[in-house]
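*Asks:* The file below is start.txt, compact mmCIF, C-alpha atoms:
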```txt
# COMPACT_ATOMS: atom_id res chain seq x y z
CA MET A 1 52.80 38.41 29.41
CA LEU A 2 49.19 37.74 30.24
CA ASN A 3 48.58 35.72 33.39
CA ILE A 4 45.54 33.57 33.83
CA SER A 5 45.22 31.58 37.01
CA GLY A 6 45.40 27.78 36.94
CA LEU A 7 42.39 25.54 37.15
CA LYS A 8 41.60 23.52 40.24
CA GLU A 9 38.88 21.51 38.52
CA GLY A 10 37.77 21.67 34.90
CA ILE A 11 38.83 21.26 31.31
CA VAL A 12 41.50 22.91 29.23
CA LEU A 13 41.06 22.83 25.48
CA ASP A 14 44.53 23.23 24.09
CA HIS A 15 45.98 23.46 20.60
CA ILE A 16 42.96 25.20 19.16
CA GLN A 17 43.73 26.65 15.77
CA ALA A 18 44.37 30.39 16.30
CA GLY A 19 41.18 32.38 15.82
CA LYS A 20 38.80 29.42 16.27
CA SER A 21 38.21 29.72 20.01
CA LEU A 22 35.08 31.84 19.76
CA ASP A 23 33.47 29.42 17.29
CA ILE A 24 34.13 26.64 19.76
CA TYR A 25 32.84 28.76 22.65
CA TYR A 26 29.47 29.10 20.95
CA HIS A 27 29.30 25.57 19.44
CA LEU A 28 29.88 24.03 22.87
CA GLY A 29 27.24 26.31 24.36
CA LEU A 30 29.75 27.78 26.83
CA ASP A 31 27.96 31.13 26.61
CA LYS A 32 25.02 29.48 28.38
CA LEU A 33 27.06 28.13 31.31
CA GLU A 34 27.41 29.93 34.63
CA CYS A 35 30.99 28.82 35.27
CA GLN A 36 34.18 30.77 34.66
CA VAL A 37 35.57 30.48 31.15
CA ALA A 38 38.89 31.93 30.01
CA ILE A 39 39.61 32.32 26.34
CA ILE A 40 43.21 32.86 25.39
CA LYS A 41 43.77 33.93 21.82
CA ASN A 42 46.98 33.83 19.83
CA ALA A 43 49.07 32.21 22.54
CA LYS A 44 52.61 31.33 21.46
CA SER A 45 53.04 27.67 20.57
CA SER A 46 56.19 25.83 19.59
CA LYS A 47 54.08 23.31 17.65
CA MET A 48 51.59 25.63 15.99
CA GLY A 49 53.17 29.07 16.04
CA ARG A 50 49.98 30.61 17.42
CA LYS A 51 47.15 28.81 19.09
CA ASP A 52 44.01 29.47 21.12
CA ILE A 53 43.23 27.92 24.50
CA ILE A 54 39.97 27.68 26.42
CA LYS A 55 39.87 27.00 30.15
CA ILE A 56 36.55 25.95 31.60
CA GLU A 57 35.99 25.67 35.30
CA GLY A 58 33.92 22.95 36.98
CA ASP A 59 32.61 19.45 36.30
CA LEU A 60 31.75 19.36 32.64
CA ASN A 61 30.49 15.87 31.89
CA SER A 62 27.75 17.27 29.74
CA LEU A 63 30.18 18.91 27.33
CA ASP A 64 29.57 17.57 23.82
CA LEU A 65 33.02 16.55 22.68
CA LYS A 66 31.58 15.20 19.42
CA VAL A 67 31.06 18.77 18.30
CA LEU A 68 34.65 19.51 19.17
CA GLY A 69 35.82 16.50 17.16
CA TYR A 70 33.92 17.84 14.16
CA ILE A 71 35.32 21.36 14.48
CA ASP A 72 38.92 20.29 14.97
CA HIS A 73 39.93 16.80 16.05
CA ASN A 74 43.51 17.98 16.65
CA ILE A 75 42.45 19.88 19.77
CA THR A 76 43.79 18.44 23.03
CA VAL A 77 41.31 18.05 25.87
CA ASN A 78 42.93 18.07 29.30
CA VAL A 79 40.81 17.11 32.28
CA ILE A 80 42.02 18.83 35.47
CA ARG A 81 41.36 17.69 39.03
CA ASP A 82 43.09 19.16 42.10
CA ASN A 83 45.27 21.32 39.86
CA THR A 84 46.59 18.27 38.00
CA ILE A 85 45.95 16.89 34.54
CA VAL A 86 44.29 13.55 35.22
CA GLU A 87 43.23 12.69 31.70
CA LYS A 88 44.03 13.68 28.14
CA LYS A 89 41.14 12.93 25.84
CA SER A 90 41.78 12.41 22.17
CA LEU A 91 39.16 13.54 19.75
CA LYS A 92 37.86 11.68 16.74
CA LEU A 93 35.82 12.80 13.80
CA PRO A 94 32.28 11.92 14.92
CA LYS A 95 30.35 9.52 12.69
CA LYS A 96 27.25 11.67 13.05
CA ILE A 97 26.61 15.23 14.21
CA THR A 98 23.25 16.70 15.07
CA ASN A 99 22.27 20.36 15.10
CA VAL A 100 25.80 21.67 14.65
CA ILE A 101 25.67 22.73 11.01
CA HIS A 102 22.76 23.43 8.69
CA CYS A 103 22.30 22.09 5.16
CA LYS A 104 22.74 24.77 2.52
CA ASN A 105 21.01 22.86 -0.29
CA PRO A 106 17.86 24.84 -1.20
CA ARG A 107 16.27 21.59 -2.42
CA CYS A 108 16.74 19.82 0.93
CA ILE A 109 13.65 19.08 3.04
CA THR A 110 15.33 20.92 5.94
CA SER A 111 15.04 24.14 3.92
CA ILE A 112 11.27 24.13 4.42
CA GLU A 113 10.77 22.02 7.55
CA GLN A 114 12.99 23.88 9.96
CA GLU A 115 11.99 21.93 13.06
CA LEU A 116 13.81 18.87 11.66
CA PRO A 117 17.11 18.09 13.35
CA ASP A 118 20.12 18.94 11.16
CA VAL A 119 21.86 15.58 10.91
CA PHE A 120 25.12 15.06 9.04
CA TYR A 121 27.10 11.85 8.71
CA LEU A 122 30.79 11.31 7.99
CA SER A 123 30.89 10.00 4.42
CA ASP A 124 34.66 10.03 3.94
CA GLU A 125 37.08 10.00 6.84
CA LYS A 126 40.13 10.73 4.69
CA THR A 127 38.74 13.92 3.24
CA GLU A 128 36.73 14.69 6.41
CA THR A 129 33.60 14.97 4.30
CA TYR A 130 30.21 15.29 5.95
CA ARG A 131 26.93 14.89 4.09
CA CYS A 132 23.40 15.83 4.98
CA LEU A 133 21.44 12.76 6.10
CA TYR A 134 18.40 13.89 4.12
CA CYS A 135 19.70 15.08 0.76
CA GLU A 136 23.32 13.75 0.92
CA GLU A 137 24.67 17.16 -0.09
CA LYS A 138 28.28 17.68 0.96
CA TYR A 139 28.89 20.30 3.62
CA GLY A 140 31.84 22.58 2.98
CA LYS A 141 33.54 23.68 6.19
CA MET B 1 8.95 -3.32 8.44
CA ARG B 2 11.02 -2.11 5.51
CA HIS B 3 11.01 0.99 3.35
CA LEU B 4 12.53 1.71 -0.04
CA LEU B 5 14.20 5.13 -0.02
CA ASN B 6 17.36 4.45 -1.95
CA PRO B 7 18.16 1.76 -4.52
CA LEU B 8 20.88 0.56 -2.16
CA ASP B 9 18.35 -0.28 0.56
CA PHE B 10 18.08 -3.68 -1.13
CA SER B 11 21.08 -5.95 -1.48
CA VAL B 12 22.04 -7.37 -4.86
CA GLU B 13 20.48 -10.67 -3.75
CA GLU B 14 17.23 -8.97 -2.69
CA ILE B 15 17.05 -7.12 -6.00
CA HIS B 16 17.62 -10.41 -7.79
CA GLN B 17 14.68 -11.95 -5.88
CA LEU B 18 12.50 -8.89 -6.57
CA LEU B 19 13.24 -9.00 -10.30
CA ASP B 20 12.54 -12.74 -10.35
CA LEU B 21 9.17 -12.05 -8.74
CA ALA B 22 8.48 -9.22 -11.21
CA SER B 23 9.35 -11.54 -14.06
CA ASP B 24 7.00 -14.21 -12.73
CA ILE B 25 4.25 -11.58 -12.48
CA GLU B 26 4.93 -10.60 -16.09
CA HIS B 27 4.44 -14.17 -17.28
CA HIS B 28 1.61 -15.24 -14.92
CA LEU B 29 -0.33 -12.04 -14.31
CA PRO B 30 -3.76 -13.58 -13.50
CA LYS B 31 -2.44 -15.58 -10.56
CA TYR B 32 -1.51 -12.34 -8.77
CA ALA B 33 -4.92 -10.68 -9.24
CA HIS B 34 -6.04 -11.06 -5.61
CA VAL B 35 -2.89 -11.29 -3.54
CA CYS B 36 -3.47 -7.79 -2.10
CA ASP B 37 -7.25 -7.95 -1.65
CA GLY B 38 -8.23 -5.54 1.14
CA LYS B 39 -4.89 -3.69 1.09
CA LYS B 40 -4.58 0.01 0.28
CA ILE B 41 -1.76 2.09 -1.13
CA ALA B 42 -1.62 5.84 -0.51
CA THR B 43 0.04 7.78 -3.32
CA LEU B 44 1.29 11.03 -1.77
CA PHE B 45 2.44 13.16 -4.68
CA TYR B 46 3.55 16.64 -3.61
CA GLU B 47 4.53 17.42 -7.18
CA PRO B 48 2.86 16.28 -10.38
CA SER B 49 3.93 12.99 -11.92
CA THR B 50 1.09 11.30 -13.69
CA ARG B 51 3.24 8.48 -14.97
CA THR B 52 4.81 7.27 -11.73
CA ARG B 53 1.61 7.76 -9.74
CA LEU B 54 -0.48 5.83 -12.25
CA SER B 55 2.14 3.11 -12.39
CA PHE B 56 1.86 2.61 -8.61
CA GLU B 57 -1.92 2.74 -8.77
CA SER B 58 -2.04 0.32 -11.69
CA ALA B 59 0.31 -2.01 -9.81
CA MET B 60 -1.83 -2.05 -6.67
CA LEU B 61 -5.09 -2.44 -8.63
CA SER B 62 -3.56 -5.35 -10.56
CA LEU B 63 -2.83 -7.04 -7.22
CA GLY B 64 -6.44 -6.64 -6.09
CA GLY B 65 -5.79 -3.74 -3.71
CA SER B 66 -7.18 -0.20 -3.62
CA VAL B 67 -5.65 3.25 -3.95
CA LEU B 68 -6.07 6.65 -2.32
CA GLY B 69 -3.98 9.78 -2.23
CA PHE B 70 -3.33 13.19 -3.73
CA SER B 71 -1.55 14.33 -6.86
CA SER B 72 -0.24 17.78 -5.96
CA ALA B 73 0.76 19.64 -2.82
CA ASP B 74 -2.11 22.11 -3.42
CA SER B 75 -4.66 19.38 -2.84
CA SER B 76 -3.02 18.12 0.36
CA SER B 77 -2.61 19.43 3.89
CA ALA B 78 0.88 20.58 2.93
CA ALA B 79 -0.85 23.66 1.48
CA LYS B 80 -2.01 24.39 5.05
CA GLY B 81 1.52 24.01 6.34
CA GLU B 82 1.36 20.45 7.66
CA SER B 83 4.75 18.78 8.04
CA VAL B 84 5.69 15.56 6.24
CA ALA B 85 6.01 13.89 9.65
CA ASP B 86 2.43 14.74 10.61
CA THR B 87 1.05 13.81 7.20
CA ILE B 88 2.61 10.35 7.30
CA ARG B 89 1.34 9.70 10.83
CA ILE B 90 -2.19 10.39 9.53
CA ILE B 91 -1.74 8.38 6.34
CA SER B 92 -0.45 5.44 8.39
CA CYS B 93 -4.00 5.19 9.79
CA TYR B 94 -5.58 5.15 6.34
CA ALA B 95 -3.38 2.88 4.23
CA ASP B 96 -1.13 -0.20 4.41
CA ILE B 97 1.73 1.19 2.31
CA CYS B 98 2.55 4.53 0.70
CA ALA B 99 4.46 5.90 -2.25
CA MET B 100 5.71 9.46 -1.83
CA ARG B 101 6.98 11.94 -4.37
CA HIS B 102 8.21 15.24 -3.00
CA PRO B 103 10.12 18.15 -4.56
CA LYS B 104 12.38 18.38 -1.50
CA GLU B 105 15.25 15.97 -1.14
CA GLY B 106 15.04 13.71 1.90
CA ALA B 107 11.29 14.11 2.45
CA PRO B 108 10.63 10.34 2.11
CA LEU B 109 13.34 9.69 4.72
CA VAL B 110 11.53 12.02 7.12
CA ALA B 111 8.30 10.18 6.33
CA ALA B 112 9.88 6.76 6.93
CA THR B 113 11.20 7.94 10.30
CA HIS B 114 7.67 8.70 11.50
CA SER B 115 5.69 6.07 9.61
CA SER B 116 4.11 2.87 10.82
CA ILE B 117 3.63 1.64 7.23
CA PRO B 118 6.25 0.96 4.54
CA VAL B 119 7.27 4.10 2.63
CA ILE B 120 8.40 3.96 -0.99
CA ASN B 121 10.37 6.91 -2.31
CA ALA B 122 8.71 7.74 -5.63
CA GLY B 123 11.23 10.51 -6.32
CA ASP B 124 12.57 13.27 -4.07
CA GLY B 125 13.80 16.39 -5.86
CA GLY B 126 16.99 15.73 -7.78
CA HIS B 127 18.04 13.07 -5.28
CA GLN B 128 16.78 9.48 -5.66
CA HIS B 129 14.13 7.62 -7.62
CA PRO B 130 14.59 3.97 -6.62
CA THR B 131 11.51 2.48 -8.31
CA GLN B 132 12.62 3.95 -11.61
CA THR B 133 15.95 2.25 -10.97
CA LEU B 134 14.25 -1.08 -10.30
CA THR B 135 12.32 -0.56 -13.53
CA ASP B 136 15.55 0.19 -15.39
CA LEU B 137 17.26 -2.86 -13.92
CA MET B 138 14.36 -5.10 -14.86
CA THR B 139 14.29 -3.67 -18.38
CA ILE B 140 18.03 -4.17 -18.88
CA ARG B 141 17.94 -7.69 -17.42
CA SER B 142 14.94 -8.66 -19.56
CA LEU B 143 16.48 -7.26 -22.76
CA LEU B 144 20.11 -8.28 -22.36
CA GLY B 145 19.64 -11.22 -20.02
CA ARG B 146 22.22 -9.84 -17.58
CA LEU B 147 23.12 -6.93 -15.33
CA SER B 148 26.87 -7.27 -15.68
CA GLY B 149 29.52 -6.96 -18.35
CA MET B 150 28.19 -4.02 -20.33
CA THR B 151 28.85 -0.43 -21.36
CA VAL B 152 26.08 1.92 -20.31
CA GLY B 153 25.79 5.37 -21.87
CA LEU B 154 23.91 7.97 -19.85
CA CYS B 155 22.99 11.02 -21.88
CA GLY B 156 21.50 14.46 -21.22
CA ASP B 157 20.91 15.99 -17.82
CA LEU B 158 23.24 14.02 -15.60
CA LYS B 159 23.37 16.74 -12.95
CA PHE B 160 19.75 17.00 -11.86
CA GLY B 161 18.55 13.70 -13.34
CA ARG B 162 17.88 11.63 -10.24
CA THR B 163 17.14 8.51 -12.31
CA VAL B 164 20.71 8.68 -13.55
CA HIS B 165 22.18 8.94 -10.05
CA SER B 166 20.08 6.06 -8.77
CA LEU B 167 20.92 3.87 -11.77
CA ILE B 168 24.65 4.46 -11.39
CA ASN B 169 24.45 3.62 -7.69
CA ALA B 170 22.64 0.39 -8.47
CA LEU B 171 24.76 -0.75 -11.41
CA VAL B 172 28.15 -0.26 -9.77
CA ARG B 173 27.34 -3.27 -7.60
CA TYR B 174 27.51 -5.59 -10.62
CA PRO B 175 30.80 -6.77 -12.15
CA ASP B 176 32.40 -5.37 -15.28
CA ILE B 177 30.19 -2.32 -15.76
CA ARG B 178 31.54 0.64 -17.70
CA PHE B 179 29.90 4.04 -18.03
CA VAL B 180 30.04 6.67 -20.75
CA LEU B 181 28.62 9.88 -19.33
CA ILE B 182 27.42 12.12 -22.15
CA SER B 183 26.42 15.65 -21.18
CA PRO B 184 27.20 19.32 -21.69
CA PRO B 185 29.72 20.63 -19.11
CA GLU B 186 26.95 22.37 -17.12
CA LEU B 187 25.01 19.13 -16.64
CA ARG B 188 27.77 16.71 -15.68
CA VAL B 189 27.13 14.19 -12.89
CA PRO B 190 27.47 15.70 -9.39
CA GLU B 191 30.84 15.49 -7.75
CA TYR B 192 29.62 12.98 -5.12
CA ILE B 193 28.69 10.47 -7.83
CA ARG B 194 32.02 10.95 -9.61
CA GLU B 195 34.18 10.86 -6.48
CA ASP B 196 32.35 8.75 -3.89
CA VAL B 197 30.72 6.24 -6.21
CA LEU B 198 32.64 5.87 -9.46
CA LYS B 199 36.21 6.71 -8.46
CA ALA B 200 35.90 5.24 -4.96
CA LYS B 201 34.77 1.90 -6.39
CA ASN B 202 37.26 1.93 -9.29
CA ILE B 203 34.52 1.87 -11.90
CA GLU B 204 35.65 2.58 -15.43
CA PHE B 205 33.95 5.69 -16.80
CA LYS B 206 34.53 8.60 -19.12
CA GLU B 207 32.78 11.94 -19.47
CA VAL B 208 32.22 13.09 -23.03
CA GLY B 209 30.24 15.77 -24.84
CA ASN B 210 29.62 14.03 -28.16
CA LEU B 211 26.84 11.44 -28.46
CA ASP B 212 27.77 10.32 -32.00
CA GLU B 213 31.24 9.27 -30.95
CA ALA B 214 29.95 7.33 -27.97
CA MET B 215 27.21 5.40 -29.83
CA PRO B 216 29.24 2.48 -31.28
CA GLU B 217 30.53 1.27 -27.92
CA LEU B 218 27.23 1.22 -26.01
CA ASP B 219 25.15 -1.79 -24.97
CA ILE B 220 22.56 0.43 -23.31
CA LEU B 221 21.83 4.10 -24.05
CA TYR B 222 19.89 5.78 -21.27
CA MET B 223 18.49 9.08 -22.54
CA THR B 224 17.17 11.74 -20.17
CA ARG B 225 15.17 14.91 -20.48
CA VAL B 226 16.54 18.27 -19.41
CA GLN B 227 13.99 19.07 -16.71
CA LYS B 228 12.69 22.60 -16.63
CA GLU B 229 11.57 22.32 -13.00
CA ARG B 230 15.14 21.71 -11.80
CA PHE B 231 16.44 25.05 -13.09
CA PHE B 232 16.32 28.29 -11.13
CA ASN B 233 17.23 30.20 -14.26
CA GLU B 234 15.04 29.85 -17.39
CA GLU B 235 17.81 31.11 -19.69
CA ASP B 236 20.01 28.15 -18.72
CA TYR B 237 17.14 25.76 -19.37
CA ILE B 238 16.47 27.14 -22.84
CA ARG B 239 20.14 27.04 -23.73
CA LEU B 240 20.57 23.41 -22.68
CA LYS B 241 17.23 21.72 -23.37
CA ASP B 242 17.95 20.54 -26.92
CA CYS B 243 21.61 19.68 -26.50
CA TYR B 244 21.09 16.03 -27.54
CA ILE B 245 18.52 14.65 -29.94
CA LEU B 246 18.60 10.95 -30.73
CA ASP B 247 17.47 10.32 -34.30
CA LYS B 248 17.70 7.62 -36.99
CA ALA B 249 21.11 8.83 -38.13
CA LYS B 250 22.56 8.42 -34.65
CA MET B 251 20.91 5.00 -34.26
CA LYS B 252 22.80 3.85 -37.37
CA LEU B 253 26.02 4.33 -35.40
CA ALA B 254 24.89 1.97 -32.64
CA LYS B 255 25.29 -1.80 -32.24
CA GLU B 256 22.41 -3.92 -33.52
CA ASN B 257 21.82 -5.32 -30.06
CA MET B 258 22.01 -2.00 -28.22
CA PHE B 259 18.85 -0.80 -26.45
CA VAL B 260 17.58 2.72 -25.78
CA LEU B 261 15.94 3.42 -22.43
CA HIS B 262 14.34 6.63 -21.19
CA PRO B 263 12.57 7.26 -17.88
CA LEU B 264 9.96 9.33 -19.79
CA PRO B 265 8.29 11.72 -20.34
CA ARG B 266 10.20 12.40 -23.51
CA VAL B 267 10.12 15.92 -24.93
CA ASN B 268 12.28 16.06 -28.02
CA GLU B 269 15.49 14.36 -26.98
CA ILE B 270 14.36 11.22 -28.84
CA SER B 271 12.91 11.83 -32.27
CA VAL B 272 9.62 9.96 -32.86
CA GLU B 273 11.25 8.38 -35.92
CA VAL B 274 13.24 6.21 -33.50
CA ASP B 275 10.09 4.76 -31.88
CA ASN B 276 9.69 1.96 -34.41
CA ASP B 277 13.30 0.86 -34.17
CA PRO B 278 13.32 -2.53 -32.38
CA ARG B 279 16.10 -1.18 -30.15
CA ALA B 280 13.81 1.54 -28.77
CA ALA B 281 12.81 -0.01 -25.45
CA TYR B 282 11.35 2.96 -23.57
CA PHE B 283 7.71 2.00 -23.94
CA ARG B 284 8.40 -1.60 -22.91
CA GLN B 285 10.22 -0.06 -19.93
CA VAL B 286 6.93 1.50 -18.77
CA GLN B 287 5.26 -1.92 -18.69
CA TYR B 288 8.19 -3.41 -16.78
CA GLY B 289 7.73 -0.54 -14.31
CA VAL B 290 4.28 -1.80 -13.38
CA TYR B 291 5.49 -5.38 -12.86
CA VAL B 292 8.41 -4.31 -10.72
CA ARG B 293 6.18 -2.04 -8.59
CA MET B 294 3.77 -4.96 -8.12
CA ALA B 295 6.69 -7.08 -6.93
CA LEU B 296 7.86 -4.27 -4.64
CA ILE B 297 4.45 -3.76 -3.05
CA MET B 298 4.17 -7.51 -2.41
CA THR B 299 7.67 -7.62 -0.95
CA LEU B 300 7.21 -4.65 1.42
CA LEU B 301 3.77 -5.88 2.51
CA GLU B 302 5.28 -9.35 3.01
CA VAL B 303 2.62 -10.90 0.82
CA GLU B 304 3.39 -14.49 -0.05
CA LYS B 305 3.90 -15.48 -3.64
CA PRO B 306 0.87 -17.49 -4.83
CA CYS B 307 1.40 -21.10 -5.91
```
Take the structure I supplied and represent it as structure tokens, if you would.
*Replies:*
Amino acid sequence: MLNISGLKEGIVLDHIQAGKSLDIYYHLGLDKLECQVAIIKNAKSSKMGRKDIIKIEGDLNSLDLKVLGYIDHNITVNVIRDNTIVEKKSLKLPKKITNVIHCKNPRCITSIEQELPDVFYLSDEKTETYRCLYCEEKYGK
Amino acid sequence: MRHLLNPLDFSVEEIHQLLDLASDIEHHLPKYAHVCDGKKIATLFYEPSTRTRLSFESAMLSLGGSVLGFSSADSSSAAKGESVADTIRIISCYADICAMRHPKEGAPLVAATHSSIPVINAGDGGHQHPTQTLTDLMTIRSLLGRLSGMTVGLCGDLKFGRTVHSLINALVRYPDIRFVLISPPELRVPEYIREDVLKAKNIEFKEVGNLDEAMPELDILYMTRVQKERFFNEEDYIRLKDCYILDKAKMKLAKENMFVLHPLPRVNEISVEVDNDPRAAYFRQVQYGVYVRMALIMTLLEVEKPC
């Protein structure tokens, strides 16, 4: 059994689909932070069988939870203060995401003007479909 | 300030008003001859399109305004690597309104984001071509007297044909519209039109491969050209370019009050023998295009209708 110490102050991202934690690590820009980050892969889960968990130390107001909602809105976000969970944030599919994914349509203006922000909007909540703001091409996850 | 990037930027009511204005222009052309005196339109054409560019220029000249612009990316600063955003900031200092055609999809949206003058999308890649749609709507309304309760056949390149996508988007807002989509399997309408527009709005449609069988049920037949510039592979283009040719024999299968539209240019998908058929409306469509662009320029420049 692997032991990782508890968090006094920070965020725990729980119920991450097994194998997705590193994607989330980079999408959230955690590689650029100075704080301690623990990534637990393939933890046993009664609900999911296997899951990943990320523990992030410190005050993380600047964390872009929209990105997290796009990647997997089933992730649980636990806010920890004084070793206690003080808040559980639920994630929603964001209406709009910027600079998270890049349009793959070779006819899109973003294919030649690469300084443009990559903006996608949620075109169908049921099917979790995102489309490029510029060319409306569907993005396949 | 408003732009026109997508046919859906205007509500059904606004389109109705625009088409009324275009119709008034058609019947009282001289009274509009000076409503845009002193105004300039910039036609920014990053890919060649003589027809659409000249239609915009003709429209502005008929309103008393002036025109400036370029007709290919080679003759613009784009050849030096200037971004669309920078170009439109500059053009905003030179003109009062602009019409942009660009091979890349979404370029007019980028322009509109950075522009201080109204931007009209004059066609962006295989994406949208709203002024062609307004032209098509005006043509249909003028010929049939309505924009509802009809069966519209769209034939040819339904995959890359942006005029087709724009027209479908515009027509689904009117009641009792039915589509017959006639194309080879490789050139069927994109999935987002089928799923998000037609199926999502419960619009009756069918996808068929045979034009002859579809002819008798149509009120409007909208022919399109298979566009060479949209193909990455020349072999595919050659294989598909002559898949449908409308000729006299096919016209015999159609209703007497059916009309044939085409965004032009035609290559050989409509035989010239059809041109003299009273149901061939594609050249009248070009004239309607000028009137509707005149109405659009007036609307976006907020020019008052003359008494």
*Asks:* Could you check which residues have any atom within 12 Å of (23.5, 7.4, -36.2), counting all atoms listed in the file with coordinates taken straight from the file, and then list them as a PyMOL selection string?
*Replies:* chain B and resi 211-216+245-256+274
*Asks:* Do me a favour and pick out the residues of chain B within 8 Å of chain A, using all atoms listed in the file, as a list in words.
*Replies:*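 Every residue meeting the condition is included here: Ser83, Pro103, Lys104, Glu105, Gly106, Ala107, Leu109, Val110, Gly125, Gly126, His127 and Tyr192 of chain B.
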*Asks:* Excluding same-chain residues fewer than 5 positions from Lys206 of chain B, what lies within 9 Å of it counting only C-alpha atoms, as a PyMOL selection string?
*Replies:* chain B and resi 178-182
*Asks:* Can you tell me, as a list in words, what residues are no more than 10 Å from segment 37-39 of chain A when counting all atoms listed in the file, ignoring any on the same chain fewer than 4 positions away?
*Replies:*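 Here the answer would be Ile4, Ser5, Gly10, Ile11, Val12, Leu13, Ser21, Leu22, Tyr25, Leu30, Asp31, Leu33, Asp52, Ile53, Ile54, Lys55, Ile56, Glu57 and Gly58 of chain A.
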*Asks:* Write the residues you've just listed into a file as a compact mmCIF listing (two decimals), in the coordinates of the input, and include C-alpha atoms for each of them.
*Replies:*
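Result went into part_18.txt, see below:
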```
# COMPACT_ATOMS: atom_id res chain seq x y z
CA ILE A 4 45.54 33.57 33.83
CA SER A 5 45.22 31.58 37.01
CA GLY A 10 37.77 21.67 34.90
CA ILE A 11 38.83 21.26 31.31
CA VAL A 12 41.50 22.91 29.23
CA LEU A 13 41.06 22.83 25.48
CA SER A 21 38.21 29.72 20.01
CA LEU A 22 35.08 31.84 19.76
CA TYR A 25 32.84 28.76 22.65
CA LEU A 30 29.75 27.78 26.83
CA ASP A 31 27.96 31.13 26.61
CA LEU A 33 27.06 28.13 31.31
CA ASP A 52 44.01 29.47 21.12
CA ILE A 53 43.23 27.92 24.50
CA ILE A 54 39.97 27.68 26.42
CA LYS A 55 39.87 27.00 30.15
CA ILE A 56 36.55 25.95 31.60
CA GLU A 57 35.99 25.67 35.30
CA GLY A 58 33.92 22.95 36.98
```
*Asks:* Within 12 Å of Ile88 of chain B, counting only C-alpha atoms, which residues qualify if same-chain residues fewer than 2 places away don't, as a PyMOL selection string?
*Replies:* chain B and resi 42-44+69+76-78+82-86+90-100+107-120
*Asks:* One decimal, Å: what's the distance from atom CA of Val77 of chain A over to atom CA of Val119 of chain A, could you say?
*Replies:*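 Computing the Euclidean distance for atom CA of Val77 of chain A and atom CA of Val119 of chain A yields 24.7 Å.
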*Asks:* Residues near Phe45 of chain B, anyone? I mean within 9 Å using only C-alpha atoms, not counting same-chain ones fewer than 3 positions away, as number ranges by chain.
*Replies:* B: 48-49, 53, 69-73, 76, 99-102, 122
